[in-house]
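*Asks:* I'd like to ask some things about the structure below.
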Amino acid sequence: MTSTTEQFADLSATTLLRFATAGSVDDGKSTLVGRLLHDSKSVLTDQMEAVEAVSAQRGQDAPDLALLTDGLRAEREQGITIDVAYRYFATARRRFILADTPGHVQYTRNMVTGASTADLAVVLVDARNGVIEQTRRHAAVAALLRVPQVVLAVNKMDLVGYEEAVFAAIAEEFTAYASDLGVPEITAIPISALAGDNVVEPSAHMDWYGGPTVLEHLETVPVSHDLTACPARFPVQYVIRPQTAEHPDYRGYAGQIASGVLRVGDAVTVLPSGRTSVIEGIDALGEPVDIAWAPQSVTVRLKDDIDISRGDLIAPSASAPATTQDVEATVCHVADQPLAVGARVLIKHTTRTVKAIVKEIPSRLTLDDLSQHPNPGQLVANDIGRVVVRTAEPLALDAYADSRRTGSFLLIDPADGTTLAAGMAGESFASKAETTVQADEEGWDF
């Protein structure tokens with residue numbers, strides 16, 4: 001009898017890799033991405049001609065490959081990356097979705113956006129400068145977001161004479177730091193994005209390095225998450241009641257399976273109500289099936305008539321998550337307006353949105369040295385901190401460490417729908433600070 005993981009290994013395996021780039025200003029992120037696209041033959045002729053024309057207008061002898069990703073006018077004028085630039089390309093081995101994220105401190109929130117769904121993060125370091133504050137900041141963000149794989153790309157090796165000792169010292173320092181943060185897999189690669197060394201083709205200048213190029217690593221690195229190995233989670237998106245002559249009694253619950261496997265005959269619990277039933281049928285693409293797995297979109301039919309609506313969660317009774325109205329989490333504040341204790345917010349978790357109030361902000365994380373600032377009172381744009389949120393209705397959250405999909409949420413301004421913060425439920429290294437704050441009892445009292 002094969003296990004669920006073995007049975008669906010070929011179905012859960014994917015040729016798609018989502019990865020994000022990060023690094024300090026002028027470390028060469030956009031040049032690396034441009035080189036990757038150019039040397040892997042993923043650039044259209046007209047795109048390359050446009051880059052060559054702009055580069056010639058600036059008096060540059062060679063095409064500035066950074067222009068392939070820095071698409072905003074302000075980015076080109078200032079020579080920096082401001083917004084997250086998503087690029088799609090493919091090789092014979094794998095398809096890729098790349099998020100090129102900014103390096104400035106004030107754009108930390110943009111990196112959180114780009115890395116939140118990444119399977120791998122490429123952190124660039126200027127070989128002349130080594131590991132600096134922003135490098136540690138990006139490693140900390142990758143650790144907080146539970147990015148499974150981190151590649152340290154030590155760039156501009158041509159400017160340090162391709163010295164092995166320089167690369168080894170940087171790799172050792174970064175690996176020790178990132179490992180302490182809990183990053184599971186770290187791979188260091190010496191490169192020169194400008195010259196193309198070890199990006200797509202192996203470098204002729206670094207015969208002391210015997211590892212893969214950046215592209216080789218991206219093509220072969222295992223995508224470690226297996227959604228079918230996790231407990232099943234099915235957030236209900238829509239209730240289907242045709243009430244036609246052909247289907248007078250049909251009642252189905254449509255949505256995308258967030259994780260795990262659902263089978264006809266499984267005993268399930270509907271949350272937050274706690275009502276139980278059995279899966280009577282599963283419809284996929286209009287046809288009945290006996291089994292379905294993440295991330296398929298299906299319609300589930302239950303044996304019993306239960307009051308279920310959008311936002312409810314269907315999960316196996318044996319592994320259903322606990323519900324809570326007190327959400328403790330790490331959040332990255334992404335809005336320009338501050339998030340203060342007592343703020344009235346909406347919390348959006350999967351397909352469910354409920355009213356909530358920020359009861360506590362126990363600490364704010366200083367990413368430079370991972371120290372804790374206790375009782376900050378509020379979080380401002382790009383801040384990362386611990387919060388306690390009281391919700392009007394119970395939520396069925398998993399710990400973010402267990403599930404990036406069902407352990408994450410958004411805090412939203414109820415007045416205008418602005419996204420205020422991205423949250424990660426449960427423990428993180430940011431929770432090590434032993435701080436206590438008296439809850440503010442004013443405002444919405446749940």
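By convention in this document, the chains of the structure tokens carry letters A, B, ... by their order, each chain's residues are numbered from 1, and ligands are numbered from 1 in the order they are shown.
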Give me every strand (DSSP E) residue in segment 253-404 of chain A, going by DSSP on the backbone, as a PyMOL selection string.
*Replies:* chain A and resi 253-256+261-263+267-271+275-284+287-289+291-293+297-302+313-316+324-333+339-340+344-349+352-366+371-374+378-379+384-395
*Asks:* Any idea what's packed within 9 Å of segment 119-134 of chain A, counting only C-alpha atoms, ignoring anything in its chain fewer than 3 positions away? Could you give it as a PyMOL selection string?
*Replies:* chain A and resi 17-29+103-105+115-116+137-139+142+147-160+166-167+169-171+173-174+190+218+223-225+367-369
*Asks:* May I have the residues within 10 Å of Thr323 of chain A as number ranges by chain, using only C-alpha atoms and disregarding those fewer than 2 positions away in the same chain?
*Replies:* A: 271-274, 320-321, 325-327, 393-398
*Asks:* Would you save the residues of that selection, restricted to all heavy atoms, as a CSV table (one decimal), in the first residue's frame?
*Replies:*
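Generated file (selection.csv):
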chain,number,residue,atom,x,y,z
A,271,LEU,N,-15.7,24.5,9.5
A,271,LEU,CA,-15.3,25.5,10.4
A,271,LEU,C,-15.7,26.9,9.9
A,271,LEU,O,-15.7,27.1,8.7
A,271,LEU,CB,-13.8,25.4,10.7
A,271,LEU,CG,-13.3,24.1,11.2
A,271,LEU,CD1,-11.8,24.0,11.2
A,271,LEU,CD2,-13.8,23.9,12.6
A,272,PRO,N,-16.1,27.8,10.8
A,272,PRO,CA,-15.9,27.7,12.3
A,272,PRO,C,-17.1,27.1,13.0
A,272,PRO,O,-17.0,27.0,14.3
A,272,PRO,CB,-15.8,29.2,12.7
A,272,PRO,CG,-16.6,29.9,11.7
A,272,PRO,CD,-16.5,29.2,10.4
A,273,SER,N,-18.1,26.6,12.3
A,273,SER,CA,-19.3,26.1,13.1
A,273,SER,C,-19.0,24.8,13.8
A,273,SER,O,-19.6,24.6,14.9
A,273,SER,CB,-20.4,25.9,12.1
A,273,SER,OG,-20.1,24.8,11.2
A,274,GLY,N,-18.1,24.0,13.3
A,274,GLY,CA,-17.8,22.7,14.0
A,274,GLY,C,-18.7,21.6,13.6
A,274,GLY,O,-18.6,20.5,14.1
A,320,ALA,N,-8.5,18.7,11.7
A,320,ALA,CA,-9.0,20.0,11.6
A,320,ALA,C,-8.3,21.0,12.5
A,320,ALA,O,-7.9,20.7,13.6
A,320,ALA,CB,-10.5,20.0,12.0
A,321,PRO,N,-8.0,22.2,12.0
A,321,PRO,CA,-7.3,23.2,12.8
A,321,PRO,C,-8.2,23.8,13.9
A,321,PRO,O,-9.5,23.7,13.7
A,321,PRO,CB,-7.0,24.3,11.8
A,321,PRO,CG,-8.1,24.2,10.7
A,321,PRO,CD,-8.4,22.7,10.6
A,325,GLN,N,-10.3,33.4,18.2
A,325,GLN,CA,-10.6,34.8,18.0
A,325,GLN,C,-9.4,35.7,18.4
A,325,GLN,O,-9.5,36.9,18.3
A,325,GLN,CB,-11.9,35.2,18.8
A,325,GLN,CG,-13.1,34.6,18.2
A,325,GLN,CD,-14.4,35.1,18.9
A,325,GLN,OE1,-14.9,34.4,19.7
A,325,GLN,NE2,-14.8,36.3,18.6
A,326,ASP,N,-8.4,35.1,19.0
A,326,ASP,CA,-7.2,35.8,19.3
A,326,ASP,C,-6.0,35.4,18.5
A,326,ASP,O,-5.4,34.3,18.7
A,326,ASP,CB,-6.8,35.6,20.8
A,326,ASP,CG,-7.9,36.2,21.7
A,326,ASP,OD1,-8.1,37.5,21.7
A,326,ASP,OD2,-8.6,35.5,22.5
A,327,VAL,N,-5.7,36.2,17.5
A,327,VAL,CA,-4.7,35.8,16.5
A,327,VAL,C,-3.4,36.5,16.9
A,327,VAL,O,-3.3,37.7,17.0
A,327,VAL,CB,-5.1,36.3,15.1
A,327,VAL,CG1,-4.0,36.0,14.1
A,327,VAL,CG2,-6.4,35.7,14.7
A,393,GLU,N,-15.3,37.1,14.8
A,393,GLU,CA,-15.8,35.7,14.6
A,393,GLU,C,-14.5,34.8,14.6
A,393,GLU,O,-13.4,35.2,14.3
A,393,GLU,CB,-16.5,35.6,13.3
A,393,GLU,CG,-17.7,36.5,13.1
A,393,GLU,CD,-18.3,36.5,11.7
A,393,GLU,OE1,-18.2,35.4,11.1
A,393,GLU,OE2,-18.8,37.5,11.3
A,394,PRO,N,-14.7,33.5,15.0
A,394,PRO,CA,-13.6,32.6,15.0
A,394,PRO,C,-13.0,32.4,13.6
A,394,PRO,O,-13.7,32.4,12.6
A,394,PRO,CB,-14.1,31.3,15.6
A,394,PRO,CG,-15.4,31.7,16.2
A,394,PRO,CD,-15.9,32.9,15.5
A,395,LEU,N,-11.6,32.2,13.6
A,395,LEU,CA,-10.9,31.9,12.4
A,395,LEU,C,-10.2,30.6,12.6
A,395,LEU,O,-9.7,30.3,13.7
A,395,LEU,CB,-9.9,33.0,12.0
A,395,LEU,CG,-10.4,34.3,11.6
A,395,LEU,CD1,-9.3,35.3,11.3
A,395,LEU,CD2,-11.3,34.2,10.3
A,396,ALA,N,-10.1,29.8,11.5
A,396,ALA,CA,-9.4,28.5,11.5
A,396,ALA,C,-8.1,28.7,10.8
A,396,ALA,O,-7.9,28.4,9.6
A,396,ALA,CB,-10.2,27.4,10.8
A,397,LEU,N,-7.1,29.2,11.6
A,397,LEU,CA,-5.7,29.4,11.0
A,397,LEU,C,-4.8,28.3,11.4
A,397,LEU,O,-4.8,27.7,12.5
A,397,LEU,CB,-5.1,30.7,11.6
A,397,LEU,CG,-5.7,32.0,11.1
A,397,LEU,CD1,-6.7,32.6,12.1
A,397,LEU,CD2,-4.6,33.0,10.8
A,398,ASP,N,-3.9,27.9,10.4
A,398,ASP,CA,-2.8,27.1,10.7
A,398,ASP,C,-1.6,28.0,11.1
A,398,ASP,O,-1.6,29.2,10.8
A,398,ASP,CB,-2.4,26.2,9.5
A,398,ASP,CG,-3.5,25.1,9.3
A,398,ASP,OD1,-3.6,24.2,10.1
A,398,ASP,OD2,-4.1,25.2,8.2
*Asks:* Please report the interatomic distance between atom CA of Ile240 of chain A and atom CA of Gly252 of chain A in Å with one decimal.
*Replies:*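 Separation between atom CA of Ile240 of chain A and atom CA of Gly252 of chain A: 5.0 Å.
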*Asks:* List the spatial neighbours of Ala381 of chain A as a compact mmCIF listing (two decimals) with all heavy atoms, in the first residue's frame - criterion: any atom at most 7 Å away, only C-alpha atoms, same-chain residues fewer than 6 positions off excluded.
*Replies:*
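Dumped everything to part-v9.txt:
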# COMPACT_ATOMS: atom_id res chain seq x y z
N HIS A 333 4.08 45.71 7.96
CA HIS A 333 3.16 46.80 7.67
C HIS A 333 3.50 47.39 6.30
O HIS A 333 4.63 47.83 6.07
CB HIS A 333 3.25 47.88 8.75
CG HIS A 333 2.16 48.89 8.67
ND1 HIS A 333 0.83 48.54 8.75
CD2 HIS A 333 2.17 50.24 8.46
CE1 HIS A 333 0.09 49.62 8.64
NE2 HIS A 333 0.88 50.66 8.44
N VAL A 334 2.53 47.40 5.40
CA VAL A 334 2.78 47.81 4.02
C VAL A 334 2.13 49.14 3.64
O VAL A 334 2.39 49.66 2.56
CB VAL A 334 2.31 46.71 3.04
CG1 VAL A 334 3.03 45.41 3.31
CG2 VAL A 334 0.79 46.50 3.13
N ALA A 335 1.29 49.69 4.50
CA ALA A 335 0.58 50.93 4.17
C ALA A 335 1.35 52.14 4.67
O ALA A 335 2.17 52.05 5.59
CB ALA A 335 -0.82 50.91 4.78
N ASP A 336 1.07 53.29 4.08
CA ASP A 336 1.72 54.53 4.52
C ASP A 336 1.17 55.00 5.86
O ASP A 336 1.89 55.63 6.64
CB ASP A 336 1.54 55.63 3.46
CG ASP A 336 2.31 55.33 2.19
OD1 ASP A 336 3.38 54.71 2.30
OD2 ASP A 336 1.84 55.70 1.10
N PRO A 338 -0.02 54.59 9.71
CA PRO A 338 0.43 53.70 10.78
C PRO A 338 -0.66 52.72 11.21
O PRO A 338 -1.85 52.96 11.02
CB PRO A 338 0.79 54.66 11.92
CG PRO A 338 0.95 56.00 11.27
CD PRO A 338 0.01 56.00 10.11
*Asks:* Using only C-alpha atoms, pick whichever of A:Ala232, A:Val270, A:Gly377, A:Ala343 has the shortest atom-to-atom distance to Ala415 of chain A.
*Replies:*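 Checking each candidate against Ala415 of chain A, we get A:Ala343 as the closest.
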*Asks:* Closest to Ile191 of chain A among A:Arg95, A:Arg275, A:Arg301, A:Arg35, using only C-alpha atoms?
*Replies:*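 The closest residue to Ile191 of chain A is A:Arg35.
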*Asks:* What is the atom CA of Asp413 of chain A to atom CA of Thr330 of chain A distance in Å?
*Replies:*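 Result for atom CA of Asp413 of chain A versus atom CA of Thr330 of chain A: 17.9 Å, one decimal.
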*Asks:* Let me make sure I understand: among A:Glu328, A:Asp180, A:Glu185, A:Asp305, which one has the smallest atom-to-atom distance to Phe409 of chain A if we use only C-alpha atoms?
*Replies:*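 Answer, going by the shortest atom-to-atom distance: A:Glu328.
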*Asks:* Given only C-alpha atoms as the basis, pick out the residue of A:Ala53, A:Ala90, A:Val236, A:Ala392 nearest to Gln256 of chain A.
*Replies:* A:Val236
*Asks:* In Å, how far is it from atom CA of Leu411 of chain A to atom CA of Phe234 of chain A?
*Replies:* 21.4 Å
*Asks:* With DSSP run on the backbone, what are the helix (DSSP H, G or I) residues within segment 139-328 of chain A? I'd like them as a VMD selection string.
*Replies:* chain A and resid 139 to 144 157 to 160 164 to 181 214 to 220 227 to 229 317 to 319
*Asks:* Using only C-alpha atoms, which of the listed residues (A:Ile412, A:Ala92, A:Leu262, A:Val221) sits closest to Lys355 of chain A?
*Replies:*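 Between A:Ile412, A:Ala92, A:Leu262, A:Val221, the residue approaching Lys355 of chain A most closely is A:Ile412.
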*Asks:* Please identify all polymer residues within 10 Å of Leu181 of chain A, counting only C-alpha atoms, omitting same-chain residues fewer than 3 positions from it, and present them as an mmCIF file with N, CA and C atoms, in the first residue's frame.
*Replies:*
data_model
loop_
_atom_site.group_PDB
_atom_site.id
_atom_site.type_symbol
_atom_site.label_atom_id
_atom_site.label_comp_id
_atom_site.auth_asym_id
_atom_site.auth_seq_id
_atom_site.Cartn_x
_atom_site.Cartn_y
_atom_site.Cartn_z
ATOM 1 N N ALA A 139 17.982 38.567 4.464
ATOM 2 C CA ALA A 139 18.024 37.199 4.972
ATOM 3 C C ALA A 139 16.962 36.995 6.044
ATOM 4 N N ALA A 140 16.769 38.004 6.891
ATOM 5 C CA ALA A 140 15.765 37.917 7.950
ATOM 6 C C ALA A 140 14.362 37.855 7.366
ATOM 7 N N VAL A 141 14.091 38.655 6.337
ATOM 8 C CA VAL A 141 12.774 38.631 5.710
ATOM 9 C C VAL A 141 12.528 37.268 5.069
ATOM 10 N N ALA A 142 13.531 36.717 4.398
ATOM 11 C CA ALA A 142 13.383 35.388 3.793
ATOM 12 C C ALA A 142 13.091 34.337 4.856
ATOM 13 N N ALA A 143 13.744 34.452 6.021
ATOM 14 C CA ALA A 143 13.507 33.503 7.105
ATOM 15 C C ALA A 143 12.105 33.661 7.678
ATOM 16 N N LEU A 144 11.672 34.898 7.862
ATOM 17 C CA LEU A 144 10.330 35.149 8.383
ATOM 18 C C LEU A 144 9.257 34.585 7.455
ATOM 19 N N THR A 175 26.229 32.372 5.520
ATOM 20 C CA THR A 175 25.653 31.062 5.832
ATOM 21 C C THR A 175 25.443 30.904 7.329
ATOM 22 N N ALA A 176 26.396 31.375 8.119
ATOM 23 C CA ALA A 176 26.255 31.286 9.576
ATOM 24 C C ALA A 176 25.076 32.118 10.054
ATOM 25 N N TYR A 177 24.935 33.321 9.511
ATOM 26 C CA TYR A 177 23.856 34.212 9.920
ATOM 27 C C TYR A 177 22.494 33.646 9.511
ATOM 28 N N ALA A 178 22.367 33.243 8.244
ATOM 29 C CA ALA A 178 21.085 32.744 7.750
ATOM 30 C C ALA A 178 20.697 31.437 8.428
ATOM 31 N N PRO A 184 16.560 26.874 5.855
ATOM 32 C CA PRO A 184 16.930 25.455 5.769
ATOM 33 C C PRO A 184 18.015 25.126 4.752
ATOM 34 N N LEU A 370 18.292 42.318 14.508
ATOM 35 C CA LEU A 370 17.284 41.391 15.035
ATOM 36 C C LEU A 370 16.921 41.670 16.487
ATOM 37 N N SER A 428 7.482 32.855 15.282
ATOM 38 C CA SER A 428 8.584 33.129 14.368
ATOM 39 C C SER A 428 9.750 33.569 15.230
ATOM 40 N N PHE A 429 10.918 33.766 14.626
ATOM 41 C CA PHE A 429 12.022 34.201 15.468
ATOM 42 C C PHE A 429 11.774 35.587 16.030
ATOM 43 N N ALA A 430 10.789 36.321 15.462
ATOM 44 C CA ALA A 430 10.444 37.645 15.985
ATOM 45 C C ALA A 430 9.740 37.556 17.323
#
*Asks:* Neighbours of His349 of chain A within 7 Å (only C-alpha atoms; same-chain residues fewer than 3 positions away dropped), as a PyMOL selection string?
*Replies:* chain A and resi 352-353+408-410
